[in-house]
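The file entry-v8.cif comes next; it holds mmCIF, C-alpha atoms.
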```
data_my_file
loop_
_atom_site.group_PDB
_atom_site.id
_atom_site.type_symbol
_atom_site.label_atom_id
_atom_site.label_comp_id
_atom_site.auth_asym_id
_atom_site.auth_seq_id
_atom_site.Cartn_x
_atom_site.Cartn_y
_atom_site.Cartn_z
ATOM 1 C CA MET A 1 22.980 -3.293 7.521
ATOM 2 C CA LYS A 2 20.267 -1.447 5.713
ATOM 3 C CA PHE A 3 16.853 -2.975 5.244
ATOM 4 C CA ILE A 4 13.750 -1.864 3.430
ATOM 5 C CA ALA A 5 10.348 -2.816 4.775
ATOM 6 C CA GLU A 6 7.269 -2.689 2.552
ATOM 7 C CA ILE A 7 4.228 -2.463 4.798
ATOM 8 C CA ASN A 8 0.555 -2.659 3.826
ATOM 9 C CA VAL A 9 -1.946 -1.307 6.327
ATOM 10 C CA MET A 10 -5.546 -2.170 5.471
ATOM 11 C CA PRO A 11 -8.907 -1.613 7.127
ATOM 12 C CA LEU A 12 -9.964 -4.870 8.808
ATOM 13 C CA LYS A 13 -12.157 -7.070 6.613
ATOM 14 C CA ALA A 14 -15.008 -6.948 9.125
ATOM 15 C CA LEU A 15 -15.198 -3.162 8.947
ATOM 16 C CA LEU A 16 -16.716 -0.837 6.410
ATOM 17 C CA ASP A 17 -14.215 0.989 4.243
ATOM 18 C CA PRO A 18 -16.015 4.202 3.262
ATOM 19 C CA GLN A 19 -13.201 5.421 1.009
ATOM 20 C CA GLY A 20 -13.092 2.132 -0.870
ATOM 21 C CA LYS A 21 -16.871 2.098 -1.142
ATOM 22 C CA ALA A 22 -16.904 5.611 -2.608
ATOM 23 C CA VAL A 23 -14.231 4.704 -5.159
ATOM 24 C CA THR A 24 -16.081 1.514 -6.142
ATOM 25 C CA GLN A 25 -19.223 3.539 -6.847
ATOM 26 C CA SER A 26 -17.351 6.249 -8.758
ATOM 27 C CA MET A 27 -15.697 3.592 -10.888
ATOM 28 C CA LYS A 28 -19.007 2.022 -11.796
ATOM 29 C CA LYS A 29 -20.283 5.451 -12.836
ATOM 30 C CA ILE A 30 -17.388 6.105 -15.204
ATOM 31 C CA GLY A 31 -17.616 2.751 -16.932
ATOM 32 C CA PHE A 32 -15.791 0.231 -14.769
ATOM 33 C CA SER A 33 -18.835 -1.954 -14.219
ATOM 34 C CA GLU A 34 -16.643 -5.071 -13.892
ATOM 35 C CA VAL A 35 -15.117 -3.847 -10.649
ATOM 36 C CA ASN A 36 -16.730 -5.663 -7.730
ATOM 37 C CA SER A 37 -14.993 -4.025 -4.844
ATOM 38 C CA VAL A 38 -12.157 -1.723 -3.898
ATOM 39 C CA ARG A 39 -10.514 -1.499 -0.511
ATOM 40 C CA ILE A 40 -8.077 1.280 0.259
ATOM 41 C CA GLY A 41 -5.354 1.368 2.879
ATOM 42 C CA LYS A 42 -1.818 2.653 3.246
ATOM 43 C CA HIS A 43 1.424 1.484 1.729
ATOM 44 C CA ILE A 44 4.509 2.388 3.733
ATOM 45 C CA THR A 45 8.120 2.023 2.639
ATOM 46 C CA MET A 46 10.528 2.229 5.548
ATOM 47 C CA GLU A 47 14.305 2.231 5.378
ATOM 48 C CA LEU A 48 16.030 1.220 8.585
ATOM 49 C CA GLU A 49 19.339 0.034 10.023
ATOM 50 C CA ALA A 50 19.505 -3.291 11.847
ATOM 51 C CA ALA A 51 22.064 -5.936 12.762
ATOM 52 C CA ASP A 52 20.224 -8.631 10.827
ATOM 53 C CA LYS A 53 16.907 -9.401 9.178
ATOM 54 C CA GLU A 54 15.424 -10.881 12.352
ATOM 55 C CA LYS A 55 16.165 -7.687 14.296
ATOM 56 C CA ALA A 56 14.757 -5.590 11.467
ATOM 57 C CA ARG A 57 11.578 -7.665 11.545
ATOM 58 C CA GLU A 58 11.211 -7.124 15.299
ATOM 59 C CA ARG A 59 11.568 -3.376 14.984
ATOM 60 C CA VAL A 60 9.175 -3.103 12.064
ATOM 61 C CA ASN A 61 6.616 -5.062 14.049
ATOM 62 C CA GLU A 62 7.088 -2.748 16.987
ATOM 63 C CA ALA A 63 6.772 0.318 14.776
ATOM 64 C CA CYS A 64 3.533 -1.035 13.315
ATOM 65 C CA HIS A 65 2.115 -1.537 16.792
ATOM 66 C CA LYS A 66 3.282 1.728 18.275
ATOM 67 C CA ILE A 67 2.796 4.285 15.557
ATOM 68 C CA LEU A 68 1.959 3.066 12.062
ATOM 69 C CA THR A 69 -1.343 1.310 12.587
ATOM 70 C CA ASN A 70 -4.436 1.417 14.721
ATOM 71 C CA PRO A 71 -4.991 -2.271 15.574
ATOM 72 C CA ILE A 72 -8.642 -1.692 16.444
ATOM 73 C CA ILE A 73 -9.522 -0.842 12.867
ATOM 74 C CA GLU A 74 -6.494 -1.870 10.784
ATOM 75 C CA GLY A 75 -4.459 -4.953 10.008
ATOM 76 C CA TYR A 76 -0.985 -5.021 8.486
ATOM 77 C CA GLU A 77 1.464 -7.221 6.663
ATOM 78 C CA TYR A 78 5.002 -6.559 5.524
ATOM 79 C CA THR A 79 8.006 -7.870 3.699
ATOM 80 C CA ILE A 80 11.604 -6.990 4.509
ATOM 81 C CA ARG A 81 14.532 -7.041 2.121
ATOM 82 C CA GLU A 82 18.150 -5.950 2.303
ATOM 83 C CA ALA A 83 18.659 -2.513 0.767
ATOM 84 C CA MET B 84 -13.052 -14.930 -14.226
ATOM 85 C CA LYS B 85 -12.360 -13.067 -11.047
ATOM 86 C CA PHE B 86 -9.058 -11.326 -10.477
ATOM 87 C CA ILE B 87 -7.571 -9.453 -7.571
ATOM 88 C CA ALA B 88 -5.235 -6.553 -8.209
ATOM 89 C CA GLU B 89 -2.912 -5.295 -5.480
ATOM 90 C CA ILE B 90 -1.928 -1.736 -6.337
ATOM 91 C CA ASN B 91 0.635 0.488 -4.626
ATOM 92 C CA VAL B 92 0.362 4.203 -5.265
ATOM 93 C CA MET B 93 3.367 6.163 -4.004
ATOM 94 C CA PRO B 94 4.439 9.794 -4.113
ATOM 95 C CA LEU B 95 7.070 10.181 -6.868
ATOM 96 C CA LYS B 96 10.640 9.836 -5.605
ATOM 97 C CA ALA B 97 11.507 13.345 -6.788
ATOM 98 C CA LEU B 98 8.783 14.891 -4.640
ATOM 99 C CA LEU B 99 8.610 15.650 -0.968
ATOM 100 C CA ASP B 100 6.349 13.373 1.020
ATOM 101 C CA PRO B 101 5.212 15.523 3.965
ATOM 102 C CA GLN B 102 3.285 12.710 5.632
ATOM 103 C CA GLY B 103 6.264 10.357 5.441
ATOM 104 C CA LYS B 104 8.566 13.089 6.701
ATOM 105 C CA ALA B 105 6.329 13.758 9.698
ATOM 106 C CA VAL B 106 6.169 10.062 10.562
ATOM 107 C CA THR B 107 9.964 9.703 10.240
ATOM 108 C CA GLN B 108 10.448 12.534 12.719
ATOM 109 C CA SER B 109 7.851 11.204 15.135
ATOM 110 C CA MET B 110 9.476 7.792 15.037
ATOM 111 C CA LYS B 111 12.882 9.231 15.900
ATOM 112 C CA LYS B 112 11.302 11.029 18.850
ATOM 113 C CA ILE B 113 9.761 7.881 20.297
ATOM 114 C CA GLY B 114 12.939 5.847 20.064
ATOM 115 C CA PHE B 115 13.178 4.551 16.510
ATOM 116 C CA SER B 116 16.468 6.271 15.791
ATOM 117 C CA GLU B 117 17.470 3.541 13.327
ATOM 118 C CA VAL B 118 14.744 4.525 10.880
ATOM 119 C CA ASN B 119 16.264 6.533 8.042
ATOM 120 C CA SER B 120 13.181 7.331 6.033
ATOM 121 C CA VAL B 121 9.515 6.579 5.664
ATOM 122 C CA ARG B 122 7.420 7.145 2.574
ATOM 123 C CA ILE B 123 3.667 6.792 2.694
ATOM 124 C CA GLY B 124 1.275 6.095 -0.141
ATOM 125 C CA LYS B 125 -1.873 4.093 -0.761
ATOM 126 C CA HIS B 126 -2.445 0.390 -1.038
ATOM 127 C CA ILE B 127 -5.501 -0.568 -3.067
ATOM 128 C CA THR B 128 -7.023 -4.028 -3.377
ATOM 129 C CA MET B 129 -9.393 -4.286 -6.315
ATOM 130 C CA GLU B 130 -11.560 -7.249 -7.213
ATOM 131 C CA LEU B 131 -12.697 -7.315 -10.826
ATOM 132 C CA GLU B 132 -14.130 -9.578 -13.513
ATOM 133 C CA ALA B 133 -12.197 -10.081 -16.749
ATOM 134 C CA ALA B 134 -11.949 -12.610 -19.573
ATOM 135 C CA ASP B 135 -8.277 -13.274 -18.863
ATOM 136 C CA LYS B 136 -5.286 -11.915 -16.987
ATOM 137 C CA GLU B 137 -4.171 -9.737 -19.905
ATOM 138 C CA LYS B 138 -7.579 -8.031 -20.060
ATOM 139 C CA ALA B 139 -7.571 -7.574 -16.302
ATOM 140 C CA ARG B 140 -4.145 -5.943 -16.539
ATOM 141 C CA GLU B 141 -5.390 -3.524 -19.196
ATOM 142 C CA ARG B 142 -8.366 -2.467 -17.121
ATOM 143 C CA VAL B 143 -6.362 -2.037 -13.936
ATOM 144 C CA ASN B 144 -3.927 0.150 -15.841
ATOM 145 C CA GLU B 145 -6.804 2.216 -17.191
ATOM 146 C CA ALA B 146 -8.331 2.544 -13.717
ATOM 147 C CA CYS B 147 -4.993 3.724 -12.314
ATOM 148 C CA HIS B 148 -4.749 6.388 -15.001
ATOM 149 C CA LYS B 149 -8.348 7.565 -14.868
ATOM 150 C CA ILE B 150 -9.246 7.541 -11.220
ATOM 151 C CA LEU B 151 -6.851 5.916 -8.763
ATOM 152 C CA THR B 152 -3.720 7.993 -9.170
ATOM 153 C CA ASN B 153 -2.597 11.494 -9.985
ATOM 154 C CA PRO B 154 0.297 10.877 -12.403
ATOM 155 C CA ILE B 155 1.751 14.341 -11.783
ATOM 156 C CA ILE B 156 2.612 13.508 -8.199
ATOM 157 C CA GLU B 157 2.209 9.730 -7.906
ATOM 158 C CA GLY B 158 3.588 6.563 -9.417
ATOM 159 C CA TYR B 159 2.037 3.109 -9.185
ATOM 160 C CA GLU B 160 2.789 -0.554 -9.519
ATOM 161 C CA TYR B 161 0.546 -3.570 -9.233
ATOM 162 C CA THR B 162 0.292 -7.312 -9.270
ATOM 163 C CA ILE B 163 -2.722 -9.296 -10.475
ATOM 164 C CA ARG B 164 -3.726 -12.778 -9.389
ATOM 165 C CA GLU B 165 -6.711 -15.012 -9.965
ATOM 166 C CA ALA B 166 -9.210 -14.825 -7.106
#
```
Rewrite the structure of this file - the entire thing - as structure tokens.
Amino acid sequence: MKFIAEINVMPLKALLDPQGKAVTQSMKKIGFSEVNSVRIGKHITMELEAADKEKARERVNEACHKILTNPIIEGYEYTIREA
Amino acid sequence: MKFIAEINVMPLKALLDPQGKAVTQSMKKIGFSEVNSVRIGKHITMELEAADKEKARERVNEACHKILTNPIIEGYEYTIREA
């Protein structure tokens, strides 16, 4: 079966997010004064084969740990759906 | 009222996504042979003030057009919720 995982990888809340900070300031300068904060991370769409949703979940978790995120500075969350 | 917008900015489907391609290949090399494709974009969390949800939606749309995305190579989608 084919599954699609939608993964969000974000800088941990405790850490500074220089890119988000820069965008927040730029937005204020061009007239978006109502924007309080912006945080920027990655969105990853992954298509994979798996026997069932549980197996797909396991593999996505493993992929996040091994290659897609740096757990020292990033957190992640994901949803999985059948393709 | 405070709102939080969750925005996904992805490379358009018609375009190559070199970063996603590279990750797909790396994953196959380290044992994730079941992964068919990976596409990588940005995930943006924005906190903003607005009179109501409709106004918030308008401003988020405007922000996406003016500063957060490059419509020639990227598409976006978002959800808005009360903070």
- Message: Can you spell out as a list in words the set of residues that the PyMOL selection byres ((chain A) within 7 of (chain B)) selects in the structure I just provided?
- Response: Asn8, Glu34, Val35, Asn36, Ser37, Val38, Arg39, Ile40, Gly41, Lys42, His43, Ile44, Thr45, Met46, Glu47, Leu48 and Glu49 of chain A
Q | Separation of atom CA of B:Glu160 from atom CA of A:Leu16 in Å | A |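 The value is 25.2 Å.
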* Restricting the calculation to only C-alpha atoms, which member of B:Tyr161, B:Ile155, B:Met84, B:Ala97 is positioned closest to B:Lys138? ->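 Counting only C-alpha atoms, the residue closest to B:Lys138 is B:Met84.
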Students should find that atom CA of A:Glu82 and atom CA of B:Ile163 are spaced 24.7 Å
Margin query: Would you compute the distance between atom CA of B:Leu98 and atom CA of B:Glu157? Give it in Å to one decimal.
Written below: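 So the answer is 9.0 Å.
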- For each of A:Asp52, A:Lys28, A:Thr69, A:Asn61, take the minimum atom-to-atom distance to A:Arg81, counting only C-alpha atoms, then give the residue where this is smallest.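 Of A:Asp52, A:Lys28, A:Thr69, A:Asn61, the one nearest A:Arg81, counting only C-alpha atoms, is A:Asp52.
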Draw an axis-aligned box over all listed atoms of stretch 145-151 of chain B, pad each side with 8 Å, and write its centre and edge lengths in Å, one decimal, as lines of an AutoDock Vina configuration file.
```
center_x = -7.0
center_y = 4.9
center_z = -13.0
size_x = 20.5
size_y = 21.3
size_z = 24.4
```
